[in-house]
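Asks: So here's entry.cif (mmCIF, C-alpha atoms).
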```
data_model
loop_
_atom_site.label_atom_id
_atom_site.label_comp_id
_atom_site.auth_asym_id
_atom_site.auth_seq_id
_atom_site.Cartn_x
_atom_site.Cartn_y
_atom_site.Cartn_z
CA MET A 10 113.79 71.10 75.65
CA ARG A 11 116.60 68.86 74.52
CA ASN A 12 117.97 66.49 71.91
CA GLU A 13 118.59 62.95 73.13
CA ASN A 14 121.52 62.11 70.82
CA LEU A 15 124.08 64.89 71.02
CA PRO A 16 126.30 65.59 68.00
CA LYS A 17 130.08 65.66 68.04
CA LEU A 18 131.05 69.06 66.69
CA ASN A 19 133.68 69.54 64.02
CA LYS A 20 134.82 72.93 65.31
CA LYS A 21 137.16 73.75 62.40
CA ASP A 22 134.50 74.32 59.74
CA PHE A 23 131.31 74.20 61.81
CA LYS A 24 128.50 76.38 60.45
CA THR A 25 125.68 78.25 62.18
CA GLY A 26 122.92 80.38 60.78
CA TYR A 27 119.25 81.25 60.44
CA ALA A 28 116.70 79.67 58.10
CA VAL A 29 113.34 81.44 58.10
CA ILE A 30 110.25 79.54 56.98
CA ILE A 31 107.69 81.75 55.27
CA ALA A 32 104.47 80.78 53.53
CA ARG A 33 100.84 81.61 53.13
CA PRO A 34 98.63 80.18 55.90
CA ASN A 35 98.22 76.44 56.42
CA VAL A 36 100.96 75.13 54.11
CA GLY A 37 102.77 73.14 56.82
CA LYS A 38 105.41 75.38 58.39
CA SER A 39 104.86 74.15 61.93
CA THR A 40 104.65 70.52 60.83
CA LEU A 41 108.02 70.88 59.10
CA LEU A 42 109.61 72.51 62.14
CA ASN A 43 108.30 69.80 64.45
CA TYR A 44 109.65 67.06 62.18
CA ILE A 45 113.11 68.62 61.94
CA THR A 46 113.48 69.10 65.70
CA GLY A 47 111.97 65.71 66.49
CA GLN A 48 109.59 67.17 69.03
CA LYS A 49 106.38 69.17 68.99
CA ILE A 50 107.41 72.76 69.61
CA ALA A 51 104.85 74.48 67.36
CA ILE A 52 101.14 73.76 67.41
CA THR A 53 99.49 72.44 64.27
CA THR A 54 95.83 72.56 63.27
CA PRO A 55 93.87 72.62 59.99
CA VAL A 56 92.98 76.26 60.71
CA ALA A 57 94.85 79.02 58.89
CA GLN A 58 97.06 81.34 60.98
CA THR A 59 97.44 78.94 63.87
CA THR A 60 100.98 80.28 64.38
CA ARG A 61 100.93 83.83 65.77
CA LYS A 62 104.47 84.39 66.99
CA ARG A 63 107.94 83.57 65.80
CA ILE A 64 109.05 80.22 67.16
CA LYS A 65 112.66 79.06 66.92
CA GLY A 66 113.50 75.42 66.40
CA ILE A 67 117.19 74.54 66.69
CA PHE A 68 118.72 71.67 64.72
CA THR A 69 122.31 70.69 65.49
CA ASP A 70 124.40 67.90 64.00
CA ASP A 71 128.14 67.30 63.57
CA GLU A 72 128.44 69.91 60.82
CA ALA A 73 126.08 72.76 61.59
CA GLN A 74 123.52 74.41 63.81
CA ILE A 75 120.48 75.62 61.89
CA ILE A 76 118.18 78.01 63.74
CA PHE A 77 114.80 77.66 62.07
CA THR A 78 112.18 80.34 62.57
CA ASP A 79 108.52 79.43 62.09
CA THR A 80 106.64 82.59 61.16
CA PRO A 81 102.90 83.29 61.12
CA GLY A 82 101.23 82.45 57.83
CA VAL A 83 101.56 85.62 55.79
CA HIS A 84 98.63 87.44 54.25
CA LYS A 85 97.48 91.02 53.77
CA PRO A 86 96.60 92.24 57.30
CA LEU A 87 92.97 93.06 58.07
CA ASN A 88 93.27 94.27 61.69
CA LYS A 89 95.80 95.06 64.43
CA LEU A 90 96.45 91.37 65.05
CA GLY A 91 97.05 90.88 61.33
CA GLU A 92 99.52 93.76 61.35
CA PHE A 93 101.38 92.13 64.24
CA LEU A 94 101.56 88.80 62.38
CA GLU A 95 102.97 90.52 59.31
CA GLN A 96 105.58 92.33 61.42
CA GLU A 97 106.60 89.05 63.06
CA SER A 98 107.35 87.56 59.66
CA MET A 99 109.11 90.65 58.29
CA SER A 100 111.31 90.99 61.39
CA ALA A 101 112.39 87.37 61.12
CA LEU A 102 113.41 87.79 57.48
CA LYS A 103 115.92 90.51 58.39
CA ASP A 104 118.05 87.97 60.30
CA ALA A 105 117.87 85.16 57.74
CA ASP A 106 120.84 83.58 55.99
CA VAL A 107 118.39 81.72 53.78
CA VAL A 108 114.63 81.91 53.30
CA LEU A 109 112.58 78.74 52.94
CA PHE A 110 109.60 79.66 50.78
CA LEU A 111 107.25 76.83 51.64
CA VAL A 112 104.54 76.07 49.07
CA ASP A 113 101.92 73.39 48.54
CA ILE A 114 102.98 71.35 45.51
CA ASN A 115 99.38 70.29 44.98
CA ASP A 116 98.25 73.87 44.28
CA LYS A 117 99.30 76.45 41.72
CA ALA A 118 100.76 79.71 43.00
CA GLY A 119 97.96 82.03 44.05
CA LYS A 120 97.49 85.63 45.04
CA GLY A 121 98.74 84.90 48.56
CA ASP A 122 102.01 83.44 47.29
CA THR A 123 102.50 86.35 44.91
CA TRP A 124 101.84 88.84 47.73
CA ILE A 125 104.47 87.16 49.93
CA VAL A 126 107.11 87.19 47.22
CA GLU A 127 106.50 90.82 46.23
CA ASN A 128 105.98 92.30 49.71
CA CYS A 129 108.25 90.17 51.89
CA ILE A 130 110.85 88.04 50.15
CA LYS A 131 112.00 90.42 47.41
CA LYS A 132 112.40 93.30 49.86
CA ASN A 133 115.14 91.46 51.77
CA LYS A 134 117.29 90.07 48.92
CA THR A 135 118.13 86.97 50.94
CA PRO A 136 118.84 83.66 49.13
CA VAL A 137 115.74 81.52 48.74
CA ILE A 138 115.04 77.80 48.65
CA ILE A 139 111.61 76.91 47.29
CA VAL A 140 110.38 74.05 49.46
CA ALA A 141 107.53 72.20 47.77
CA ASN A 142 105.62 70.49 50.56
CA LYS A 143 102.94 67.76 50.67
CA VAL A 144 104.45 65.53 47.98
CA ASP A 145 102.87 62.58 49.77
CA LEU A 146 99.32 63.67 48.88
CA THR A 147 99.39 62.81 45.18
CA ASN A 148 101.30 60.63 42.70
CA ASP A 149 100.45 62.85 39.74
CA GLU A 150 103.97 63.94 38.78
CA VAL A 151 102.80 65.98 35.78
CA LYS A 152 100.49 68.04 37.97
CA LYS A 153 103.30 68.61 40.48
CA GLU A 154 105.66 69.91 37.78
CA VAL A 155 103.01 72.18 36.29
CA ASN A 156 102.31 73.65 39.73
CA LEU A 157 106.02 74.11 40.45
CA CYS A 158 106.42 76.15 37.28
CA THR A 159 103.93 78.68 38.62
CA TYR A 160 106.14 79.22 41.70
CA LYS A 161 109.35 79.43 39.66
CA THR A 162 107.91 82.26 37.57
CA LEU A 163 107.46 84.41 40.70
CA PHE A 164 111.24 84.91 40.73
CA LYS A 165 113.78 86.14 38.20
CA GLU A 166 116.44 84.08 39.96
CA ASN A 167 116.77 80.35 39.37
CA TYR A 168 116.35 79.34 43.02
CA PRO A 169 116.72 75.67 44.01
CA ILE A 170 113.58 73.64 44.55
CA ILE A 171 113.33 70.75 46.99
CA LYS A 172 110.24 68.54 47.16
CA VAL A 173 109.44 67.35 50.68
CA SER A 174 106.79 65.92 52.90
CA ALA A 175 106.81 67.60 56.29
CA LYS A 176 104.42 64.91 57.48
CA THR A 177 106.46 61.84 56.51
CA GLY A 178 109.92 63.43 56.44
CA LYS A 179 110.59 62.61 52.79
CA ASN A 180 113.64 64.56 51.52
CA VAL A 181 113.90 66.62 54.71
CA ASN A 182 117.51 65.43 54.99
CA VAL A 183 118.12 66.78 51.46
CA LEU A 184 116.69 70.12 52.56
CA ILE A 185 118.96 70.20 55.62
CA ASP A 186 122.05 69.61 53.45
CA LYS A 187 121.02 72.36 51.04
CA ILE A 188 120.47 74.86 53.88
CA LYS A 189 123.99 74.21 55.16
CA GLU A 190 125.41 75.56 51.89
CA TYR A 191 124.13 79.04 52.79
CA LEU A 192 125.41 79.21 56.37
CA PRO A 193 128.59 80.99 57.50
CA VAL A 194 131.36 79.23 59.39
CA CYS A 195 130.55 80.00 63.00
CA PRO A 196 130.40 78.20 66.36
CA PRO A 197 126.92 77.25 67.65
CA LEU A 198 124.87 80.07 69.15
CA TYR A 199 122.80 77.73 71.35
CA PRO A 200 123.88 74.80 73.55
CA ILE A 201 124.02 71.72 71.33
CA ASP A 202 121.27 69.93 73.30
CA THR A 203 118.73 72.76 72.84
CA ILE A 204 115.91 72.37 70.30
CA THR A 205 113.79 75.49 70.96
CA ASP A 206 113.89 78.92 72.55
CA GLN A 207 110.39 78.43 73.99
CA ASN A 208 109.93 78.12 77.75
CA MET A 209 107.18 76.08 79.38
CA ARG A 210 104.93 79.12 79.89
CA ASN A 211 104.99 79.71 76.13
CA ILE A 212 104.45 76.05 75.35
CA ALA A 213 101.56 75.73 77.81
CA GLN A 214 99.90 78.80 76.31
CA GLU A 215 100.12 77.38 72.80
CA VAL A 216 99.02 73.86 73.74
CA ILE A 217 95.88 75.25 75.37
CA ARG A 218 95.14 77.38 72.31
CA GLU A 219 95.63 74.39 70.05
CA LYS A 220 93.06 72.35 71.98
CA ILE A 221 90.58 75.22 71.76
CA ILE A 222 91.04 75.46 67.99
CA LEU A 223 90.71 71.70 67.44
CA ASN A 224 87.59 71.42 69.58
CA THR A 225 85.68 74.52 68.48
CA LYS A 226 86.25 74.17 64.71
CA GLU A 227 85.36 77.38 62.85
CA GLU A 228 83.42 79.00 65.69
CA ILE A 229 86.28 80.36 67.80
CA PRO A 230 89.88 80.10 66.42
CA HIS A 231 90.58 83.65 65.23
CA SER A 232 88.83 85.17 68.26
CA VAL A 233 90.73 83.38 71.00
CA ALA A 234 93.92 84.16 72.90
CA VAL A 235 95.45 82.50 75.95
CA MET A 236 97.45 84.09 78.76
CA ILE A 237 99.27 82.14 81.47
CA ASP A 238 98.43 83.85 84.77
CA GLU A 239 100.55 81.59 86.94
CA TYR A 240 103.04 78.80 86.37
CA LYS A 241 104.87 77.28 89.32
CA THR A 242 106.51 73.98 90.08
CA GLU A 243 106.05 72.29 93.43
CA GLY A 244 108.03 69.07 93.64
CA ASN A 245 106.90 66.83 90.79
CA LEU A 246 103.78 68.91 90.08
CA ASP A 247 103.50 71.86 87.68
CA LYS A 248 100.60 74.14 88.62
CA ILE A 249 99.23 76.29 85.81
CA LYS A 250 96.48 78.90 85.84
CA ALA A 251 95.48 80.32 82.47
CA SER A 252 92.90 82.75 81.12
CA ILE A 253 91.20 82.17 77.78
CA TYR A 254 90.17 85.45 76.15
CA VAL A 255 87.43 85.69 73.54
CA SER A 256 86.12 88.74 71.72
CA GLN A 257 82.35 88.24 72.18
CA THR A 258 80.13 87.11 75.06
CA SER A 259 78.52 84.41 72.91
CA GLN A 260 81.94 82.81 72.37
CA LYS A 261 82.42 82.40 76.10
CA GLY A 262 79.43 80.07 76.19
CA ILE A 263 80.83 78.01 73.32
CA ILE A 264 84.14 77.45 75.07
CA ILE A 265 82.54 76.62 78.43
CA GLY A 266 79.93 74.33 76.85
CA LYS A 267 76.91 72.73 78.47
CA ASN A 268 77.57 72.28 82.19
CA GLY A 269 81.24 73.12 81.53
CA SER A 270 81.73 70.10 79.26
CA MET A 271 83.76 71.83 76.53
CA LEU A 272 86.08 73.62 78.95
CA LYS A 273 86.66 70.34 80.77
CA LYS A 274 87.52 68.59 77.49
CA ILE A 275 89.92 71.35 76.46
CA GLY A 276 91.57 71.33 79.88
CA THR A 277 91.93 67.55 79.99
CA GLU A 278 93.49 67.33 76.52
CA ALA A 279 95.89 70.20 77.25
CA ARG A 280 96.87 68.76 80.62
CA LEU A 281 97.61 65.30 79.21
CA GLU A 282 99.79 66.70 76.43
CA LEU A 283 101.69 68.96 78.82
CA GLN A 284 102.32 66.00 81.09
CA GLU A 285 103.89 64.15 78.15
CA ILE A 286 106.11 67.14 77.40
CA ILE A 287 107.40 67.64 80.93
CA GLU A 288 107.24 63.92 81.81
CA GLY A 289 105.53 64.79 85.07
CA LYS A 290 102.21 65.78 86.63
CA VAL A 291 100.29 68.92 85.71
CA TYR A 292 97.46 70.70 87.51
CA LEU A 293 95.70 72.99 85.04
CA GLU A 294 93.02 75.56 85.89
CA LEU A 295 91.30 77.49 83.11
CA PHE A 296 89.23 80.68 83.19
CA VAL A 297 87.24 82.17 80.29
CA LYS A 298 87.07 85.95 79.93
CA VAL A 299 85.61 88.38 77.40
CA ARG A 300 87.70 91.23 75.98
CA LYS A 301 85.57 92.87 73.31
CA ASN A 302 87.20 92.87 69.86
CA TRP A 303 90.66 92.32 71.33
CA GLN A 304 92.16 91.69 67.86
CA LYS A 305 91.60 95.37 67.02
CA ASP A 306 92.65 96.76 70.41
CA LYS A 307 96.30 97.85 70.67
CA ASN A 308 96.31 97.71 74.48
CA ALA A 309 94.67 94.28 74.56
CA LEU A 310 97.20 92.92 72.09
CA LYS A 311 100.03 94.20 74.25
CA MET A 312 98.49 92.63 77.36
CA LEU A 313 98.17 89.30 75.56
CA GLY A 314 101.81 89.27 74.52
CA TYR A 315 101.60 90.62 70.99
CA LYS A 316 104.02 93.38 71.85
CA GLU A 317 105.69 94.60 68.70
CA ASP A 318 104.57 97.86 67.15
CA VAL A 319 100.94 97.03 66.58
#
```
When written as structure tokens, how does the structure in this file appear?
Replies:
Amino acid sequence: MRNENLPKLNKKDFKTGYAVIIARPNVGKSTLLNYITGQKIAITTPVAQTTRKRIKGIFTDDEAQIIFTDTPGVHKPLNKLGEFLEQESMSALKDADVVLFLVDINDKAGKGDTWIVENCIKKNKTPVIIVANKVDLTNDEVKKEVNLCTYKTLFKENYPIIKVSAKTGKNVNVLIDKIKEYLPVCPPLYPIDTITDQNMRNIAQEVIREKIILNTKEEIPHSVAVMIDEYKTEGNLDKIKASIYVSQTSQKGIIIGKNGSMLKKIGTEARLELQEIIEGKVYLELFVKVRKNWQKDKNALKMLGYKEDV
């Protein structure tokens, strides 16, 4: 996946490094990453823990290449899947040149934010930028400042704070400039026209899962996983076969719907979005399968691509 307007690199003092985005669930990590890269590379839904794996978004301009890592929303793990999500975030932090602690400026710091700071951020001793997101949702400046104070007090250090809107892009350019201050002088690690490390199998898998989450509301999201069984290109047509895994038999009926209506809706929406991404035709075939309590099953998690030490 590629940038349209390629930068002209200043090789003498060009910088490259890693910025890891970490936050409690549903604060806007994926929305921010998509805005910065200018293309949808991470799925976004109102449901917490939509992101399950580390996703890299690569931003390159004339001065620097910033490799952003979108991590799963961090919380205290409750099962094997939760343990995997925590490991994904912790592993990403080890490589970071700077950590973007993304918070919702409309809320005071809560137990989830405190848990992240104490159990993740402070263990790595990496410089932090507090990124206060969702400034577009209220004009109450007093409330914003009061809330920000609750995040400042989580740290002994006087870390910089940047107020942004991942949705509208307000002050994202200010954030980019601040990140550059923490990066080492280094040539780019990725080709300058690359904006993500995700391949089309990964993207197809996530797009399908997004459509399931958006269409099934609270009934399915945490119990669903998608695996691409086959992805092949024949001329101008991409043929995709995918299996949707749920943890209970009753959930299979929800996804299929009456006379297959829900599965057809999910498939149509996923196919249309994938066609926009590849700018070509897509044939998509979906199957629904039951794998009992897969979130707690180490072997099932490995089969579904959650491969780190779970």
Asks: I'd like the residues picked by the PyMOL selection byres ((chain A and resi 197) around 10) written out as a ChimeraX atom specification, using the chain letters and numbers from the file.
Replies: /A:18,20,23-26,69,73-76,194-196,198-201
Asks: Residue by residue, what does the PyMOL selection byres ((chain A and resi 177) around 12) grab here? Present the result as a PyMOL selection string.
Replies: chain A and resi 37+40-41+43-45+142-146+173-176+178-182
Asks: Based on the selection just made, write C-alpha atoms of those residues as a short mmCIF file (atom, residue, chain, number, x, y, z; two decimals), keeping the file's coordinate frame.
Replies:
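Below is the file part.cif, written as the result:
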```cif
data_model
loop_
_atom_site.label_atom_id
_atom_site.label_comp_id
_atom_site.auth_asym_id
_atom_site.auth_seq_id
_atom_site.Cartn_x
_atom_site.Cartn_y
_atom_site.Cartn_z
CA GLY A 37 102.77 73.14 56.82
CA THR A 40 104.65 70.52 60.83
CA LEU A 41 108.02 70.88 59.10
CA ASN A 43 108.30 69.80 64.45
CA TYR A 44 109.65 67.06 62.18
CA ILE A 45 113.11 68.62 61.94
CA ASN A 142 105.62 70.49 50.56
CA LYS A 143 102.94 67.76 50.67
CA VAL A 144 104.45 65.53 47.98
CA ASP A 145 102.87 62.58 49.77
CA LEU A 146 99.32 63.67 48.88
CA VAL A 173 109.44 67.35 50.68
CA SER A 174 106.79 65.92 52.90
CA ALA A 175 106.81 67.60 56.29
CA LYS A 176 104.42 64.91 57.48
CA GLY A 178 109.92 63.43 56.44
CA LYS A 179 110.59 62.61 52.79
CA ASN A 180 113.64 64.56 51.52
CA VAL A 181 113.90 66.62 54.71
CA ASN A 182 117.51 65.43 54.99
#
```
Asks: So how many Å separate CA of Val291 (chain A) and CA of Asp206 (chain A), to one decimal?
Replies: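 Answer for the CA of Val291 (chain A) to CA of Asp206 (chain A) separation: 21.4 Å.
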Asks: Determine the residue membership of the PyMOL selection byres ((chain A and resi 136) around 9) for the file above and supply it as a PyMOL selection string.
Replies: chain A and resi 105-109+134-135+137-138+168+191
Asks: Identify which of the residues A:Lys248, A:Lys21, A:Arg300, A:Lys307 lies closest to Met209 (chain A), counting only C-alpha atoms when measuring atom-to-atom distances.
Replies: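 Distance minimum relative to Met209 (chain A) lands on A:Lys248.
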Asks: Within 12 Å of Ile170 (chain A), counting all atoms listed in the file, which residues show up once you throw out same-chain ones fewer than 3 positions away? Write them as a list in words, please.
Replies: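 Neighbouring residues, sequence-local ones excluded: Leu109, Phe110, Leu111, Val112, Ile114, Val137, Ile138, Ile139, Val140, Ala141, Asn142, Glu154, Leu157, Cys158, Tyr160, Lys161, Glu166, Asn167, Val173, Asn180, Val183, Leu184, Lys187 and Ile188 of chain A.
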Asks: Just to be explicit: take each residue in the selection above, keep C-alpha atoms, and write the result as a compact mmCIF listing (two decimals), keeping the file's coordinate frame.
Replies:
```
# COMPACT_ATOMS: atom_id res chain seq x y z
CA LEU A 109 112.58 78.74 52.94
CA PHE A 110 109.60 79.66 50.78
CA LEU A 111 107.25 76.83 51.64
CA VAL A 112 104.54 76.07 49.07
CA ILE A 114 102.98 71.35 45.51
CA VAL A 137 115.74 81.52 48.74
CA ILE A 138 115.04 77.80 48.65
CA ILE A 139 111.61 76.91 47.29
CA VAL A 140 110.38 74.05 49.46
CA ALA A 141 107.53 72.20 47.77
CA ASN A 142 105.62 70.49 50.56
CA GLU A 154 105.66 69.91 37.78
CA LEU A 157 106.02 74.11 40.45
CA CYS A 158 106.42 76.15 37.28
CA TYR A 160 106.14 79.22 41.70
CA LYS A 161 109.35 79.43 39.66
CA GLU A 166 116.44 84.08 39.96
CA ASN A 167 116.77 80.35 39.37
CA VAL A 173 109.44 67.35 50.68
CA ASN A 180 113.64 64.56 51.52
CA VAL A 183 118.12 66.78 51.46
CA LEU A 184 116.69 70.12 52.56
CA LYS A 187 121.02 72.36 51.04
CA ILE A 188 120.47 74.86 53.88
```
Asks: Find the residue from A:Asn35, A:Asn133, A:Thr159, A:Gln214 that sits nearest to Leu283 (chain A); use all atoms listed in the file when measuring.
Replies: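 Smallest distance to Leu283 (chain A) is found for A:Gln214.
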Asks: Check the smallest atom-to-atom distance from each of A:Tyr240, A:Phe164, A:Phe77, A:Tyr254 to Trp303 (chain A) using all atoms listed in the file, then report the winner.
Replies: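 Closest candidate: A:Tyr254.
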Asks: Quick one: residues within 12 Å of Ile263 (chain A), only C-alpha atoms counted, chain neighbours fewer than 2 positions away excluded, as a PyMOL selection string?
Replies: chain A and resi 221-222+224-230+232-233+255+257-261+265-272+275+297
Asks: Given the choices A:Thr205, A:Asp247, A:Lys38, A:Lys153, which gets closest to Gly66 (chain A) if the distance is worked out from only C-alpha atoms?
Replies: A:Thr205
Asks: CA of Ala213 (chain A) and CA of Phe296 (chain A) are how many Å apart?
Replies: 14.3 Å
Asks: Would you mind reading off the distance between CA of Met312 (chain A) and CA of Gly262 (chain A), one decimal, in Å?
Replies: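 Taking CA of Met312 (chain A) as the start and CA of Gly262 (chain A) as the end point, the length is 22.9 Å.
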Asks: Which residue out of A:Thr147, A:Thr162, A:Asn245, A:Thr78 has the minimum interatomic distance to Ser39 (chain A) when all atoms listed in the file are used?
Replies: A:Thr78
Asks: Given the choices A:Ile31, A:Lys290, A:Val235, A:Arg218, which gets closest to Val126 (chain A) if the distance is worked out from all atoms listed in the file?
Replies: A:Ile31
